[in-house]
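Data first, discussion second: the structure below is written as C-alpha cells.
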Amino acid sequence: MQLLLLHLDDALELQPDFVRACKFAGAYQYFGKNTGQQVRLWSKQGALDDLSREIVKNRPATGRTPQLCFMGSGDFHHITALLLDDALERQSSAATLIHFDNHPDWVKFDGGLHCGSWVNSALANPSIQKVITIGVCSHDLRSPERKGANLHWLGDGKLELYPYEHPPSRVLADYGNGASYRQEGGALHWKSIAEIGEENFIDHMLSRIRTETVYVTIDKDVLAADDAVTNWDQGRMRLPYLLSLISEIGSRHRIIGADVIGDYSTPSYAGSLRTQFMKRAEIFIDQPRMRQGAETMRNINSAANHALLEVLAEYME
C-alpha cells in the first residue's frame, strides 16, 4: 500500500501523533496549502487538473500499488474524483465506489467540481459499475430535487443510497423503484441501516457489490460527534461499526484505492473577492458553527484516523 498525506489545509498537521505514525509507515506527503485555498469547497476544472498532475508527479513510482490518502477537511471531498480516476487508470477491470458520508454529494454543478457534486463525476466514469452511498442522515434528502440533486442515477441503477436513518424524501418526478428505495406517490422511501438493522445491513451491502474491485471513500461526517469533529453536520454511525463495514468489504473484495476526509480545519479561501464571498456565504448557510475545543478535536480526530489507517492498511497490502 502507498500512503499519501495530502496537506491542503492544516487539519493533519494538528495531529502530530498521527502524522508520525504515517511517516513510520512510509507515507509520502504533498504540501499544497495555497492550492487548497483555491480549490476548497469548489473549484474550476483547470485548477483541479493542475493539482492532479502535481500529485502524480510527486508520487513514488510503485506501479499498481493501491493508494490510501488522508486529506483533511470534508471541504475537499471533490478531490476524491481525481484520486478515483487515477486508481481506475492503473487497473483494467470495472469497480464499485463505496461512499461513506452524511451527505449524498450528488448535486448538479456547472463549470467545475463541488465537494457536494463530485459523485456525478464518479458515476460518469465508464469504469465505475456502481456507487453505493452509505450513512446519510442530513437534510440533503429533504426535497432533494429542490436542492439540485441529480436523482436520475437512482432510476438508472448506477447509484444506491442507504441512509443510516431518514424519513421519506419528497419528489416530483417518477424514479420507479430501486435496490435502495421504493417510490410511493411523491416520496422515495429509503432502505435505511436503522430499518434493516446493522448486522443485516452488512450482508445486504455485500450482496450489492458485484465487482471484484472497490474504491472506498470515507467522509468522517458520517460518524457521530463522539467519534469525529468535522466542518459539516454529522451523522449517527459509530466508529466501530464503520470499521466493521470496511473489514467485511476488504475481506471479500480488492480495494484499489481509498481516501479519508472529515477532519475539522478553519476555512481559508483564495481567488477573487466574489469567489471568496460566495464560498463564505455558502458555509455560513450550510455549516454549523459550534465547535469543541482544539485539544478535544485533535484527540477525537486523531483516534479515528489511527483506527481507519489500521483497518485499511490490513486490506490494501
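Naming scheme: A, B, ... for chains in displayed order of the C-alpha cells; residues 1 onward per chain; ligands 1 onward as shown.
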Write out as number ranges by chain the residues lying within 12 Å of Ala81 in chain A, counting only C-alpha atoms and excluding same-chain residues fewer than 3 positions away. A: 45, 48-49, 51-52, 76-78, 84-88, 97, 99, 105, 112-125, 128, 215-217, 257-259
Would you return as an NGL selection string the members of range 78-258 of chain A that DSSP assigns to helix (DSSP H, G or I) on this structure's backbone? :A and (79-89 or 118-124 or 139-141 or 144-147 or 152-156 or 193-196 or 198-208 or 220-222 or 239-252)
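Pairwise distance (CA of Ala94 in chain A, CA of Lys57 in chain A) equals 25.2 Å.
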Rows by chain and residue number, range 34-73 of chain A within 12 Å of range 226-239 of chain A, shortest pair, only C-alpha atoms, as a tab-separated table:
```
residue	atom	partner	partner_atom	distance
A:Leu41	CA	A:Asn231	CA	10.9
A:Gly72	CA	A:Thr230	CA	9.5
A:Ser73	CA	A:Asn231	CA	6.8
```
Shell around Pro240 in chain A at 12 Å using only C-alpha atoms, local window under 2 positions removed, as a list of chain:residue names: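 Here the qualifying residues turn out to be A:Glu198, A:Leu223, A:Ala224, A:Asp226, A:Asp227, A:Met237, A:Arg238, A:Leu242, A:Leu243, A:Ser244, A:Leu245, A:Ile246, A:Ser247, A:Ala303, A:Ala304, A:Ala307, A:Leu308, A:Val311.
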May I have the residues within 6 Å of Asp101 in chain A as a list of chain:residue names, using only C-alpha atoms and disregarding those fewer than 6 positions away in the same chain? A:Gly135, A:Val136, A:Asp219, A:Val222
Hey, what does DSSP flag as strand (DSSP E) within range 105-256 of chain A? Can you give it to me as a count of residues only? 34
Long-range neighbours of Ser265 in chain A as a ChimeraX atom specification, 7 Å cut-off, only C-alpha atoms, 5 positions minimum in chain: /A:9-11,73
Just write the chosen residues, all heavy atoms, as an mmCIF file, in the first residue's frame.
```
data_model
loop_
_atom_site.group_PDB
_atom_site.id
_atom_site.type_symbol
_atom_site.label_atom_id
_atom_site.label_comp_id
_atom_site.auth_asym_id
_atom_site.auth_seq_id
_atom_site.Cartn_x
_atom_site.Cartn_y
_atom_site.Cartn_z
ATOM 1 N N ASP A 9 -4.851 21.810 3.854
ATOM 2 C CA ASP A 9 -5.156 22.692 4.981
ATOM 3 C C ASP A 9 -4.262 22.261 6.136
ATOM 4 O O ASP A 9 -3.301 21.512 5.934
ATOM 5 C CB ASP A 9 -6.647 22.631 5.337
ATOM 6 C CG ASP A 9 -7.117 21.215 5.692
ATOM 7 O OD1 ASP A 9 -6.254 20.302 5.850
ATOM 8 O OD2 ASP A 9 -8.333 20.999 5.828
ATOM 9 N N ASP A 10 -4.558 22.711 7.355
ATOM 10 C CA ASP A 10 -3.691 22.363 8.482
ATOM 11 C C ASP A 10 -4.267 21.241 9.343
ATOM 12 O O ASP A 10 -3.764 20.975 10.431
ATOM 13 C CB ASP A 10 -3.425 23.600 9.356
ATOM 14 C CG ASP A 10 -4.702 24.178 9.967
ATOM 15 O OD1 ASP A 10 -5.807 23.663 9.669
ATOM 16 O OD2 ASP A 10 -4.590 25.151 10.739
ATOM 17 N N ALA A 11 -5.305 20.557 8.849
ATOM 18 C CA ALA A 11 -6.001 19.564 9.666
ATOM 19 C C ALA A 11 -5.083 18.441 10.136
ATOM 20 O O ALA A 11 -5.132 18.033 11.302
ATOM 21 C CB ALA A 11 -7.193 18.995 8.900
ATOM 22 N N SER A 73 -10.034 18.340 5.622
ATOM 23 C CA SER A 73 -11.443 18.705 5.737
ATOM 24 C C SER A 73 -12.311 18.067 4.654
ATOM 25 O O SER A 73 -11.870 17.843 3.523
ATOM 26 C CB SER A 73 -11.591 20.234 5.657
ATOM 27 O OG SER A 73 -12.949 20.605 5.524
#
```
Using only C-alpha atoms for the distances, tell me which of A:Trp106, A:Tyr175, A:Tyr269, A:Tyr264 is nearest to Arg40 in chain A.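 Once distances to Arg40 in chain A are computed over only C-alpha atoms, the minimum belongs to A:Tyr269.
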With a distance cut-off of 7 Å and only C-alpha atoms, select the neighbouring residues of range 138-140 of chain A, excluding the residue or stretch itself and same-chain residues fewer than 2 positions from it, and output the selection as a ChimeraX atom specification. /A:102-103,136,142,144
Counting only C-alpha atoms, which residue out of A:Gln37, A:Phe70, A:Ile132, A:Thr65 sits closest to Leu12 in chain A?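 Comparing A:Gln37, A:Phe70, A:Ile132, A:Thr65 against Leu12 in chain A, the winner is A:Phe70.
Proximity of A:Gly155, A:Pro168, A:Gly36, A:Pro104 to Gly185 in chain A, computed with only C-alpha atoms, is greatest for A:Pro168.
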